[in-house]
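Here is the structure we will look at.
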Amino acid sequence: MAQTLAARLWNSRWLLAAGVIAVLIAFAFAGISAYVLVPALLLLLAAAMLPAAGMRQSAEGAAAIEAIGLQRLSGEYLAAAVADPLIIFDHAATIVHANAAAFAAFGGIAPGMSLPLKFRAPEMQALLDNVLSGTVASDVVDYTEKLPVERAYRVSASSVGHGTDLYVLVFKDQSEARRIDRMRADFIANASHELRTPLASIAGFIETLRGPARNDPAAREQFLQIMQNQTGRMARLIDDLLSLSRLEMKPYLKPGTEVDLRQTVDSVIDSLAPLARENSVVIERDFAFGPLNVPGDRDELFQVFENLLENACKYGQSGGRVVVSIARGDDGSEPGIDVTIRDFGPGIPEEHIPRITERFYRIDVETSRTQKGTGLGLSIVKHILTRHNARLTIKSELGQGAAFSVHLPAA
Amino acid sequence: MQSVHIVSAYDEELKYLSKRIAAMGGHAERMVEQAVTALVNADPGLAEKVIRDDAVLDEGQREIDDKAIIIIAKRQPMATDLREIIGAIRISADLERVGDLGKNVAKRVAAVTDGRQPTSLFRGLEALANLALTQLKEVLDVYASRTVDKISFVRDRDDQIDAMYTSLFRELLTYMMEDPRNITPCTHLLFCAKNIERIGDHATNIAETIYYIVTGDQMPADRPKGDKTDKISLSADLTAK
């Protein structure tokens, strides 16, 4: 109430000021007594506090203009402005419109497609049935998608307007919160298992150093060296686990960024030159001509090629050379670019090939340990490639070396 | 997506069929996913739920069969419509089998989780299940979009699943030979792996049916046999060790 009064006073401030001045002038010139002056001023103030009819009219006018603007606003533009995936559908659950975020998140949806055929999860089916049958005006469910990457959404469905016969489905991404929970559980499960071995060995050596080897400088030096190696391994393991967890945190790629594969692979080769020299491996390049760009995240793809090339240098050391080739792969079902990293080492036994991208899967535990492997490198590669819709093909023949081929789809 | 008939109720009936197939597909996907989760996390409660859920799929298949027969009798469908209806019958049978296989995995949860098994075994099984589920998901997505030109991925994945299964088979065999106490859980896990591999086969069947529905032709029959477990023998494995 006080606020409205204040607003009215403010709105009629000029009128009020003019009135006050007029009364003061009359007071000064006509010489009317102060008894008349005070009631006159009070009257002016009260008049200003009365609601002004003109004001109400102008507010209505503004609302009318706004409504016309809103009616002109196309649903398409509105949908495009929403950052969350949004799908508009009709009474037959056929998609009428999907915004860019929905295309990016779900892919393979097009107007005219039947919605329950795409979102088959039982809770989504129930949601659509509820809203379309008219039992509820709007409804919300939690929907999770496990493959290809885990995503969780809070989905709300509701009818749009009166008699439009249209409905809208909005997906609110909840993946992050869920993933943090999962990550914690996963991290503890993986880390506790893998960290226990080096930790046990360090504890054992400490015991020996304090006991039998207390006064043996030669043994002390040797044990401390082993302990240093073990702590180094634990540090690497934690780094890898963290980068894997970070990757799992990010649900999908931002669209629109392009990566120059030639430049990326070149810088990977440069950064691994010291390692190659150390292992006396020569890295050969065989790049196709012309631009080699694919949509993707440069840092992530850098890590993919770094891990693959590092493996090739370490495990294919006996071959003496590693060939990195980039070629346009247009023969398959989808056009794209193939990056192949081929070594000439001992190769991978056939029965292990399907498994080596699993976490902590090692063909030979001893070799992996001496090469400072954590058992997570290829797992990280696989994860990044899944996010890029890319494919990893591994071909190997015993004694002939192994070829890791990454197929990145073109835009 | 579908042609428009003079009798709009006919369109409605066809749409209903495909909607029911999708709902069955969603249930089957969920069942397999939960069965494997129950196995990996040793969760008998979730396994129970999966076993109960199988009734939904059985019911779905019966309903689709009934509806399809009625449509054929009433409408005397031709060409695409006929293929659509026959396809629905076939796909629902495949999905019902997928549900059975998922249920069978769930039933073994208690037997497997009696003694704690090495985590690597479960990781392998999980990876195999992810491959099979991706296969199923992609195939059902094709059923929704009817873009059969990209269906060749099905064969690639089938090869991957077979290779993965062969590798798991070998690993389980090694564990059994190491310690006879492993034989009970490993045998159950072997059946679980086999079931999951079969799910991939059913997904491939569904892909072939969809190809037939959309094009009217059979998918070219160059299905290579990637399952090499028939060649793995104990003695071969022993000499390899």
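The chains in the structure tokens are called A, B, ... from first to last as shown; in each chain the residues are counted from 1, and the ligands are counted from 1 in the order shown.
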Please list as number ranges by chain every residue within 8 Å of range 75-90 of chain B, counting only C-alpha atoms and excluding residues in the same chain fewer than 5 positions away.
B: 10, 14, 17-18, 21, 61, 64-65, 68, 206, 209-210, 212-214, 216
Write the residues of the preceding selection, restricted to N, CA and C atoms, as a CSV table (one decimal), in the first residue's frame.
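The file below, selection35.csv, is the result:
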chain,number,residue,atom,x,y,z
B,10,TYR,N,-7.0,-48.0,-39.8
B,10,TYR,CA,-6.0,-48.9,-40.2
B,10,TYR,C,-4.6,-48.3,-39.9
B,14,LEU,N,-1.7,-49.8,-37.3
B,14,LEU,CA,-0.3,-50.1,-37.6
B,14,LEU,C,0.6,-49.3,-36.7
B,17,LEU,N,0.9,-51.0,-33.4
B,17,LEU,CA,1.8,-52.1,-33.4
B,17,LEU,C,3.2,-51.6,-33.2
B,18,SER,N,3.7,-50.6,-33.9
B,18,SER,CA,5.1,-50.2,-33.8
B,18,SER,C,5.3,-49.6,-32.5
B,21,ILE,N,5.9,-52.4,-30.1
B,21,ILE,CA,7.2,-53.0,-30.3
B,21,ILE,C,8.3,-52.1,-29.6
B,61,GLN,N,4.3,-59.7,-26.1
B,61,GLN,CA,4.3,-60.5,-27.3
B,61,GLN,C,3.0,-61.1,-27.7
B,64,ILE,N,0.8,-58.3,-29.2
B,64,ILE,CA,1.2,-58.0,-30.6
B,64,ILE,C,0.8,-59.1,-31.5
B,65,ASP,N,0.9,-60.4,-31.1
B,65,ASP,CA,0.5,-61.5,-32.0
B,65,ASP,C,-1.0,-61.4,-32.3
B,68,ALA,N,-1.8,-58.4,-34.5
B,68,ALA,CA,-1.3,-58.6,-35.9
B,68,ALA,C,-2.3,-59.5,-36.6
B,206,ILE,N,16.8,-58.9,-35.5
B,206,ILE,CA,15.8,-57.8,-35.6
B,206,ILE,C,16.3,-56.8,-36.7
B,209,THR,N,15.2,-58.2,-40.0
B,209,THR,CA,13.8,-58.0,-40.1
B,209,THR,C,13.4,-56.6,-40.6
B,210,ILE,N,14.1,-55.6,-39.9
B,210,ILE,CA,13.8,-54.2,-40.2
B,210,ILE,C,14.2,-53.9,-41.7
B,212,TYR,N,14.2,-56.0,-44.1
B,212,TYR,CA,13.2,-56.6,-44.9
B,212,TYR,C,11.9,-55.7,-44.9
B,213,ILE,N,11.5,-55.2,-43.8
B,213,ILE,CA,10.3,-54.4,-43.7
B,213,ILE,C,10.5,-53.2,-44.7
B,214,VAL,N,11.6,-52.5,-44.6
B,214,VAL,CA,11.8,-51.3,-45.3
B,214,VAL,C,12.0,-51.5,-46.7
B,216,GLY,N,12.0,-54.6,-48.5
B,216,GLY,CA,11.3,-55.7,-49.2
B,216,GLY,C,12.3,-56.8,-49.7
May I have the residues within 12 Å of Asp100 in chain B as JSON, numbers by chain, using only C-alpha atoms and disregarding those fewer than 6 positions away in the same chain?
{"B": [27, 28, 29, 31, 32, 35, 50, 51, 52, 53, 54, 55, 56, 57, 58, 93, 94, 106, 107, 192, 195, 196, 198, 199, 202]}
Nearest to Leu408 in chain A, chosen from A:Asp364, A:Glu258, A:Asp286, A:Glu310, with only C-alpha atoms counted in the distances
A:Glu258
I'd like the neighbourhood of Ala403 in chain A as a list of chain:residue names, where a residue qualifies if any of its atoms comes within 9 Å (using only C-alpha atoms), though same-chain residues fewer than 4 positions away should be ignored.
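The residues that qualify are A:Ala312, A:Thr340, A:Ile341, A:Arg342, A:Asp343, A:Phe344, A:Gly347, A:Thr393, A:Ile394, A:Lys395, A:Ser396.
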Residue hits in chain B, query chain A, radius 9 Å, only C-alpha atoms, as a short mmCIF file (atom, residue, chain, number, x, y, z; two decimals) with N, CA and C atoms, in the first residue's frame:
data_model
loop_
_atom_site.label_atom_id
_atom_site.label_comp_id
_atom_site.auth_asym_id
_atom_site.auth_seq_id
_atom_site.Cartn_x
_atom_site.Cartn_y
_atom_site.Cartn_z
N MET B 1 5.95 -41.02 -42.47
CA MET B 1 6.68 -42.26 -42.31
C MET B 1 5.87 -43.41 -42.91
N LYS B 15 0.20 -48.05 -36.40
CA LYS B 15 1.00 -47.22 -35.49
C LYS B 15 1.04 -47.85 -34.11
N SER B 18 3.66 -50.61 -33.94
CA SER B 18 5.06 -50.19 -33.82
C SER B 18 5.32 -49.56 -32.46
N LYS B 19 4.30 -48.93 -31.90
CA LYS B 19 4.48 -48.33 -30.59
C LYS B 19 4.66 -49.43 -29.53
N ARG B 20 3.89 -50.50 -29.68
CA ARG B 20 4.02 -51.62 -28.74
C ARG B 20 5.41 -52.28 -28.85
N ILE B 21 5.89 -52.40 -30.10
CA ILE B 21 7.22 -52.97 -30.31
C ILE B 21 8.26 -52.12 -29.58
N ALA B 22 8.13 -50.79 -29.73
CA ALA B 22 9.11 -49.90 -29.09
C ALA B 22 9.05 -50.06 -27.58
N ALA B 23 7.82 -50.17 -27.04
CA ALA B 23 7.69 -50.31 -25.59
C ALA B 23 8.33 -51.61 -25.13
N MET B 24 8.10 -52.69 -25.90
CA MET B 24 8.74 -53.98 -25.57
C MET B 24 10.25 -53.85 -25.63
N GLY B 25 10.73 -53.15 -26.67
CA GLY B 25 12.17 -52.95 -26.82
C GLY B 25 12.74 -52.24 -25.61
N GLY B 26 12.05 -51.17 -25.18
CA GLY B 26 12.51 -50.42 -24.02
C GLY B 26 12.60 -51.30 -22.79
N HIS B 27 11.58 -52.15 -22.60
CA HIS B 27 11.57 -53.05 -21.46
C HIS B 27 12.72 -54.05 -21.53
N GLU B 29 15.56 -53.75 -23.15
CA GLU B 29 16.84 -53.07 -22.90
C GLU B 29 17.05 -52.88 -21.40
N ARG B 30 16.00 -52.40 -20.74
CA ARG B 30 16.10 -52.14 -19.32
C ARG B 30 16.40 -53.42 -18.54
N GLU B 33 20.02 -54.55 -19.02
CA GLU B 33 20.88 -53.60 -18.33
C GLU B 33 20.88 -53.87 -16.82
N SER B 120 38.10 -58.53 -12.64
CA SER B 120 38.35 -58.44 -14.08
C SER B 120 37.31 -59.24 -14.86
N ARG B 123 34.32 -57.13 -15.21
CA ARG B 123 34.56 -56.04 -16.16
C ARG B 123 34.39 -56.55 -17.58
N GLY B 124 34.92 -57.75 -17.84
CA GLY B 124 34.80 -58.32 -19.17
C GLY B 124 33.34 -58.54 -19.54
N ALA B 127 31.65 -55.29 -20.25
CA ALA B 127 32.01 -54.77 -21.57
C ALA B 127 31.24 -55.52 -22.66
N ASN B 130 27.76 -54.27 -22.63
CA ASN B 130 27.66 -52.94 -23.24
C ASN B 130 27.62 -53.05 -24.75
N LEU B 133 24.18 -54.43 -25.71
CA LEU B 133 23.12 -53.44 -25.50
C LEU B 133 23.20 -52.30 -26.52
N THR B 134 24.44 -51.91 -26.86
CA THR B 134 24.59 -50.87 -27.88
C THR B 134 24.01 -51.37 -29.19
N LYS B 137 20.26 -51.24 -28.92
CA LYS B 137 19.79 -49.85 -28.94
C LYS B 137 19.84 -49.28 -30.36
N LEU B 140 17.13 -50.80 -32.55
CA LEU B 140 15.80 -50.27 -32.28
C LEU B 140 15.69 -48.81 -32.71
N ASP B 141 16.81 -48.07 -32.66
CA ASP B 141 16.81 -46.71 -33.19
C ASP B 141 16.56 -46.71 -34.69
N VAL B 142 17.11 -47.71 -35.38
CA VAL B 142 16.86 -47.82 -36.81
C VAL B 142 15.38 -48.13 -37.06
N TYR B 143 14.79 -48.93 -36.17
CA TYR B 143 13.36 -49.22 -36.30
C TYR B 143 12.56 -47.93 -36.22
N ALA B 144 13.02 -47.00 -35.38
CA ALA B 144 12.33 -45.72 -35.24
C ALA B 144 12.56 -44.83 -36.46
N SER B 145 13.80 -44.78 -36.94
CA SER B 145 14.12 -43.81 -38.00
C SER B 145 13.96 -44.40 -39.40
N ASP B 149 20.04 -47.65 -44.55
CA ASP B 149 21.29 -47.59 -45.33
C ASP B 149 22.52 -47.71 -44.43
N LYS B 150 22.34 -47.46 -43.13
CA LYS B 150 23.51 -47.52 -42.25
C LYS B 150 23.52 -48.82 -41.43
N ILE B 151 22.74 -49.79 -41.86
CA ILE B 151 22.54 -50.96 -41.01
C ILE B 151 23.74 -51.90 -41.01
N SER B 152 24.73 -51.60 -41.86
CA SER B 152 25.88 -52.50 -41.93
C SER B 152 26.67 -52.54 -40.61
N PHE B 153 26.46 -51.49 -39.77
CA PHE B 153 27.18 -51.49 -38.48
C PHE B 153 26.86 -52.74 -37.67
N GLN B 160 32.52 -57.98 -33.16
CA GLN B 160 33.15 -57.56 -31.90
C GLN B 160 32.62 -58.38 -30.73
N ILE B 161 31.29 -58.58 -30.73
CA ILE B 161 30.69 -59.34 -29.63
C ILE B 161 31.24 -60.75 -29.62
N ALA B 163 34.10 -61.84 -30.80
CA ALA B 163 35.50 -61.85 -30.39
C ALA B 163 35.61 -61.70 -28.87
N MET B 164 34.80 -60.80 -28.34
CA MET B 164 34.81 -60.58 -26.89
C MET B 164 34.37 -61.83 -26.15
N TYR B 165 33.35 -62.48 -26.67
CA TYR B 165 32.83 -63.70 -26.04
C TYR B 165 33.91 -64.78 -26.04
N THR B 166 34.58 -64.94 -27.18
CA THR B 166 35.64 -65.95 -27.27
C THR B 166 36.71 -65.70 -26.23
N SER B 167 37.07 -64.41 -26.08
CA SER B 167 38.11 -64.06 -25.12
C SER B 167 37.67 -64.36 -23.68
N LEU B 168 36.41 -64.04 -23.37
CA LEU B 168 35.90 -64.31 -22.02
C LEU B 168 35.86 -65.80 -21.74
N ARG B 170 37.76 -68.09 -22.92
CA ARG B 170 39.11 -68.55 -22.64
C ARG B 170 39.53 -68.18 -21.21
#
Report, in Å with one decimal, the straight-line distance from CA of Phe302 in chain A to CA of Phe287 in chain A.
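Those two atoms sit 16.4 Å apart.
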Once DSSP has gone over the backbone, tell me which residues of range 1-235 of chain B are in alpha helix (DSSP H), as a compact mmCIF listing (two decimals) with C-alpha atoms, in the first residue's frame.
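Below is the file that was written, selection_37.txt:
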# COMPACT_ATOMS: atom_id res chain seq x y z
CA SER B 8 -7.65 -43.95 -40.80
CA ALA B 9 -8.31 -46.64 -38.18
CA TYR B 10 -6.00 -48.89 -40.20
CA ASP B 11 -3.17 -46.35 -39.80
CA GLU B 12 -3.92 -46.18 -36.13
CA GLU B 13 -3.65 -49.95 -35.82
CA LEU B 14 -0.31 -50.06 -37.62
CA LYS B 15 1.00 -47.22 -35.49
CA TYR B 16 -0.15 -49.00 -32.38
CA LEU B 17 1.80 -52.09 -33.38
CA SER B 18 5.06 -50.19 -33.82
CA LYS B 19 4.48 -48.33 -30.59
CA ARG B 20 4.02 -51.62 -28.74
CA ILE B 21 7.22 -52.97 -30.31
CA ALA B 22 9.11 -49.90 -29.09
CA ALA B 23 7.69 -50.31 -25.59
CA MET B 24 8.74 -53.98 -25.57
CA GLY B 25 12.17 -52.95 -26.82
CA GLY B 26 12.51 -50.42 -24.02
CA HIS B 27 11.57 -53.05 -21.46
CA ALA B 28 13.99 -55.60 -22.90
CA GLU B 29 16.84 -53.07 -22.90
CA ARG B 30 16.10 -52.14 -19.32
CA MET B 31 15.91 -55.78 -18.20
CA VAL B 32 19.27 -56.74 -19.70
CA GLU B 33 20.88 -53.60 -18.33
CA GLN B 34 19.57 -54.26 -14.83
CA ALA B 35 20.40 -57.97 -14.95
CA VAL B 36 24.04 -57.19 -15.71
CA THR B 37 24.12 -54.44 -13.07
CA ALA B 38 22.70 -56.90 -10.54
CA LEU B 39 25.39 -59.41 -11.50
CA VAL B 40 28.28 -56.94 -11.30
CA ASN B 41 27.13 -55.32 -8.05
CA PRO B 44 19.87 -59.96 -5.47
CA GLY B 45 17.04 -57.44 -5.00
CA LEU B 46 17.53 -55.97 -8.45
CA ALA B 47 17.80 -59.49 -9.89
CA GLU B 48 14.41 -60.33 -8.37
CA LYS B 49 12.90 -57.27 -10.03
CA VAL B 50 14.28 -58.30 -13.41
CA ILE B 51 12.80 -61.78 -13.05
CA ARG B 52 9.39 -60.28 -12.24
CA ASP B 53 9.57 -57.83 -15.16
CA ASP B 54 9.78 -60.64 -17.70
CA ALA B 55 5.99 -61.08 -17.48
CA VAL B 56 5.57 -57.66 -19.14
CA LEU B 57 7.42 -58.84 -22.23
CA ASP B 58 5.50 -62.12 -22.44
CA GLU B 59 2.28 -60.14 -22.24
CA GLY B 60 3.54 -57.72 -24.89
CA GLN B 61 4.35 -60.49 -27.32
CA ARG B 62 0.93 -62.12 -26.91
CA GLU B 63 -0.78 -58.78 -27.45
CA ILE B 64 1.20 -58.01 -30.59
CA ASP B 65 0.48 -61.47 -31.98
CA ASP B 66 -3.26 -61.05 -31.38
CA LYS B 67 -3.38 -57.56 -32.83
CA ALA B 68 -1.34 -58.58 -35.88
CA ILE B 69 -3.61 -61.55 -36.63
CA ILE B 70 -6.69 -59.35 -36.31
CA ILE B 71 -5.24 -56.72 -38.65
CA ILE B 72 -4.37 -59.36 -41.24
CA ALA B 73 -7.85 -60.86 -41.01
CA LYS B 74 -9.69 -57.53 -41.15
CA ARG B 75 -7.60 -55.47 -43.57
CA ALA B 79 3.20 -55.03 -49.64
CA THR B 80 4.77 -52.72 -47.01
CA ASP B 81 1.84 -53.08 -44.64
CA LEU B 82 2.02 -56.86 -44.74
CA ARG B 83 5.78 -56.76 -44.19
CA GLU B 84 5.28 -54.30 -41.35
CA ILE B 85 2.85 -56.65 -39.62
CA ILE B 86 4.83 -59.85 -40.16
CA GLY B 87 7.93 -57.95 -39.09
CA ALA B 88 6.23 -56.86 -35.88
CA ILE B 89 5.41 -60.49 -35.08
CA ARG B 90 9.01 -61.54 -35.67
CA ILE B 91 10.58 -58.63 -33.78
CA SER B 92 8.33 -59.15 -30.79
CA ALA B 93 9.37 -62.82 -30.69
CA ASP B 94 13.04 -61.79 -30.74
CA LEU B 95 12.49 -59.20 -28.00
CA GLU B 96 10.68 -61.73 -25.88
CA ARG B 97 13.70 -64.03 -26.18
CA VAL B 98 16.01 -61.16 -25.23
CA GLY B 99 13.91 -60.72 -22.09
CA ASP B 100 14.19 -64.44 -21.31
CA LEU B 101 17.95 -64.31 -21.67
CA GLY B 102 18.12 -61.27 -19.40
CA LYS B 103 15.96 -63.08 -16.88
CA ASN B 104 18.28 -66.08 -17.03
CA VAL B 105 21.28 -63.85 -16.26
CA ALA B 106 19.37 -62.39 -13.31
CA LYS B 107 18.56 -65.88 -12.01
CA VAL B 109 23.15 -63.69 -9.69
CA ALA B 110 22.78 -65.54 -6.40
CA ALA B 111 24.89 -68.51 -7.53
CA VAL B 112 27.70 -66.36 -8.91
CA THR B 119 36.75 -58.07 -10.66
CA SER B 120 38.35 -58.44 -14.08
CA LEU B 121 35.83 -61.17 -14.94
CA PHE B 122 32.94 -58.85 -14.21
CA ARG B 123 34.56 -56.04 -16.16
CA GLY B 124 34.80 -58.32 -19.17
CA LEU B 125 31.18 -59.34 -18.81
CA GLU B 126 30.12 -55.73 -18.43
CA ALA B 127 32.01 -54.77 -21.57
CA LEU B 128 30.36 -57.63 -23.45
CA ALA B 129 26.94 -56.54 -22.19
CA ASN B 130 27.66 -52.94 -23.24
CA LEU B 131 28.44 -54.13 -26.75
CA ALA B 132 25.27 -56.22 -26.94
CA LEU B 133 23.12 -53.44 -25.50
CA THR B 134 24.59 -50.87 -27.88
CA GLN B 135 23.76 -53.24 -30.70
CA LEU B 136 20.18 -53.60 -29.47
CA LYS B 137 19.79 -49.85 -28.94
CA GLU B 138 21.11 -48.96 -32.37
CA VAL B 139 18.91 -51.54 -34.05
CA LEU B 140 15.80 -50.27 -32.28
CA ASP B 141 16.81 -46.71 -33.19
CA VAL B 142 16.86 -47.82 -36.81
CA TYR B 143 13.36 -49.22 -36.30
CA ALA B 144 12.33 -45.72 -35.24
CA SER B 145 14.12 -43.81 -38.00
CA PHE B 153 27.18 -51.49 -38.48
CA VAL B 154 25.23 -54.44 -37.13
CA ARG B 155 27.59 -56.94 -38.70
CA ASP B 156 30.70 -55.15 -37.41
CA ARG B 157 29.35 -55.14 -33.89
CA ASP B 158 28.37 -58.76 -34.13
CA ASP B 159 32.01 -59.58 -34.90
CA GLN B 160 33.15 -57.56 -31.90
CA ILE B 161 30.69 -59.34 -29.63
CA ASP B 162 31.83 -62.74 -30.87
CA ALA B 163 35.50 -61.85 -30.39
CA MET B 164 34.81 -60.58 -26.89
CA TYR B 165 32.83 -63.70 -26.04
CA THR B 166 35.64 -65.95 -27.27
CA SER B 167 38.11 -64.06 -25.12
CA LEU B 168 35.90 -64.31 -22.02
CA PHE B 169 35.37 -68.01 -22.65
CA ARG B 170 39.11 -68.55 -22.64
CA GLU B 171 39.61 -66.51 -19.50
CA LEU B 172 36.88 -68.36 -17.60
CA LEU B 173 38.39 -71.66 -18.66
CA THR B 174 41.76 -70.59 -17.25
CA TYR B 175 40.21 -69.66 -13.91
CA MET B 176 38.48 -73.01 -13.69
CA MET B 177 41.72 -74.85 -14.37
CA GLU B 178 43.57 -72.81 -11.76
CA ILE B 183 34.15 -74.11 -11.39
CA THR B 184 30.66 -73.40 -10.02
CA PRO B 185 30.69 -69.59 -10.32
CA CYS B 186 32.65 -69.67 -13.57
CA THR B 187 30.19 -72.06 -15.19
CA HIS B 188 27.38 -69.71 -14.27
CA LEU B 189 29.34 -66.77 -15.64
CA LEU B 190 29.96 -68.74 -18.81
CA PHE B 191 26.22 -69.13 -19.28
CA CYS B 192 25.72 -65.45 -18.55
CA ALA B 193 28.27 -64.57 -21.22
CA LYS B 194 26.60 -66.96 -23.66
CA ASN B 195 23.21 -65.41 -22.92
CA ILE B 196 24.54 -61.93 -23.56
CA GLU B 197 26.15 -63.07 -26.78
CA ARG B 198 22.77 -64.50 -27.83
CA ILE B 199 21.17 -61.11 -27.14
CA GLY B 200 23.52 -59.66 -29.74
CA ASP B 201 22.38 -62.35 -32.18
CA HIS B 202 18.74 -61.49 -31.58
CA ALA B 203 19.54 -57.83 -32.19
CA THR B 204 21.10 -58.84 -35.51
CA ASN B 205 17.95 -60.82 -36.34
CA ILE B 206 15.84 -57.76 -35.61
CA ALA B 207 18.08 -55.68 -37.88
CA GLU B 208 17.52 -58.18 -40.69
CA THR B 209 13.76 -58.03 -40.14
CA ILE B 210 13.81 -54.22 -40.23
CA TYR B 211 15.82 -54.30 -43.45
CA TYR B 212 13.19 -56.58 -44.91
CA ILE B 213 10.31 -54.40 -43.73
CA VAL B 214 11.77 -51.25 -45.26
CA THR B 215 13.29 -52.55 -48.50
CA LEU B 234 41.60 -77.58 -22.66
CA SER B 235 44.74 -79.16 -24.09
Would you list the contacts of Ser271 in chain A as a list in words, taking every protein, DNA or RNA residue within 12 Å and counting only C-alpha atoms, but skipping same-chain residues closer than 6 positions in sequence?
Thr264, Val265, Arg277, Ile283, Phe302, Gln303, Phe305, Glu306, Asn307, Leu309 and Glu310 of chain A
Those residues you just picked out, can you put them in a file as an mmCIF file, in the first residue's frame with N, CA and C atoms?
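Output below, filename again.cif:
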data_model
loop_
_atom_site.group_PDB
_atom_site.id
_atom_site.type_symbol
_atom_site.label_atom_id
_atom_site.label_comp_id
_atom_site.auth_asym_id
_atom_site.auth_seq_id
_atom_site.Cartn_x
_atom_site.Cartn_y
_atom_site.Cartn_z
ATOM 1 N N THR A 264 47.695 -31.604 -34.879
ATOM 2 C CA THR A 264 47.610 -32.289 -33.594
ATOM 3 C C THR A 264 48.573 -33.471 -33.543
ATOM 4 N N VAL A 265 48.535 -34.305 -34.602
ATOM 5 C CA VAL A 265 49.390 -35.494 -34.608
ATOM 6 C C VAL A 265 50.857 -35.076 -34.642
ATOM 7 N N ARG A 277 63.399 -41.602 -28.703
ATOM 8 C CA ARG A 277 64.864 -41.703 -28.716
ATOM 9 C C ARG A 277 65.341 -42.663 -27.640
ATOM 10 N N ILE A 283 60.114 -42.670 -35.535
ATOM 11 C CA ILE A 283 58.707 -42.435 -35.871
ATOM 12 C C ILE A 283 58.628 -41.922 -37.309
ATOM 13 N N PHE A 302 44.384 -35.050 -28.668
ATOM 14 C CA PHE A 302 45.822 -35.063 -28.402
ATOM 15 C C PHE A 302 46.144 -36.212 -27.450
ATOM 16 N N GLN A 303 45.325 -36.340 -26.420
ATOM 17 C CA GLN A 303 45.561 -37.405 -25.448
ATOM 18 C C GLN A 303 45.408 -38.787 -26.078
ATOM 19 N N PHE A 305 46.007 -39.692 -29.238
ATOM 20 C CA PHE A 305 47.153 -40.056 -30.063
ATOM 21 C C PHE A 305 48.413 -40.176 -29.207
ATOM 22 N N GLU A 306 48.474 -39.391 -28.144
ATOM 23 C CA GLU A 306 49.624 -39.489 -27.252
ATOM 24 C C GLU A 306 49.671 -40.874 -26.607
ATOM 25 N N ASN A 307 48.515 -41.317 -26.081
ATOM 26 C CA ASN A 307 48.485 -42.639 -25.444
ATOM 27 C C ASN A 307 48.819 -43.740 -26.435
ATOM 28 N N LEU A 309 50.500 -43.541 -29.306
ATOM 29 C CA LEU A 309 51.885 -43.490 -29.781
ATOM 30 C C LEU A 309 52.850 -43.916 -28.676
ATOM 31 N N GLU A 310 52.514 -43.534 -27.455
ATOM 32 C CA GLU A 310 53.350 -43.921 -26.325
ATOM 33 C C GLU A 310 53.387 -45.450 -26.207
#
Shortest interatomic distance to Phe103 in chain A - which of A:Pro217, A:Pro85, A:Gly373, A:Gly290, counting only C-alpha atoms
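Closest to Phe103 in chain A, using only C-alpha atoms: A:Pro85.
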Find the residues near range 381-385 of chain A: any atom within 9 Å, counting only C-alpha atoms, skip ones fewer than 2 places away on the same chain, and give them as a list in words.
Val149, Leu244, Leu247, Glu248, Glu300, Leu301, Gln303, Val304, Phe305, Asn307, Leu308, Thr357, Glu358, Leu376, Gly377, Leu378, Ser379, Arg387, His388, Asn389, Ala390, Arg391, Leu392, Val406, His407 and Leu408 of chain A
Take the residues that were just selected and, keeping C-alpha atoms, output them as an mmCIF file, in the first residue's frame.
data_model
loop_
_atom_site.group_PDB
_atom_site.id
_atom_site.type_symbol
_atom_site.label_atom_id
_atom_site.label_comp_id
_atom_site.auth_asym_id
_atom_site.auth_seq_id
_atom_site.Cartn_x
_atom_site.Cartn_y
_atom_site.Cartn_z
ATOM 1 C CA VAL A 149 27.692 -42.481 -22.608
ATOM 2 C CA LEU A 244 39.303 -40.711 -16.758
ATOM 3 C CA LEU A 247 36.186 -37.300 -18.987
ATOM 4 C CA GLU A 248 33.228 -39.151 -17.572
ATOM 5 C CA GLU A 300 41.135 -34.862 -25.906
ATOM 6 C CA LEU A 301 42.271 -36.052 -29.322
ATOM 7 C CA GLN A 303 45.561 -37.405 -25.448
ATOM 8 C CA VAL A 304 44.227 -40.215 -27.654
ATOM 9 C CA PHE A 305 47.153 -40.056 -30.063
ATOM 10 C CA ASN A 307 48.485 -42.639 -25.444
ATOM 11 C CA LEU A 308 48.480 -44.707 -28.635
ATOM 12 C CA THR A 357 40.439 -51.351 -23.732
ATOM 13 C CA GLU A 358 38.989 -52.518 -20.414
ATOM 14 C CA LEU A 376 44.131 -47.114 -17.979
ATOM 15 C CA GLY A 377 45.680 -45.639 -21.137
ATOM 16 C CA LEU A 378 43.548 -47.466 -23.694
ATOM 17 C CA SER A 379 40.512 -47.134 -21.470
ATOM 18 C CA ARG A 387 32.415 -39.246 -27.151
ATOM 19 C CA HIS A 388 33.614 -38.362 -30.645
ATOM 20 C CA ASN A 389 31.464 -41.070 -32.278
ATOM 21 C CA ALA A 390 34.760 -42.464 -33.479
ATOM 22 C CA ARG A 391 35.840 -46.077 -33.857
ATOM 23 C CA LEU A 392 39.009 -47.795 -32.688
ATOM 24 C CA VAL A 406 41.140 -44.465 -35.236
ATOM 25 C CA HIS A 407 38.280 -43.617 -37.566
ATOM 26 C CA LEU A 408 36.980 -40.102 -36.927
#
Selection: 12 Å around Ala80 in chain A, only C-alpha atoms, excl. self and same-chain fewer than 3 positions, as a PyMOL selection string:
chain A and resi 73-77+83-88+97-103
Selection: 10 Å around Met234 in chain A, only C-alpha atoms, excl. self and same-chain fewer than 2 positions, as a ChimeraX atom specification
/A:191,194-199,228-232,236-240,374
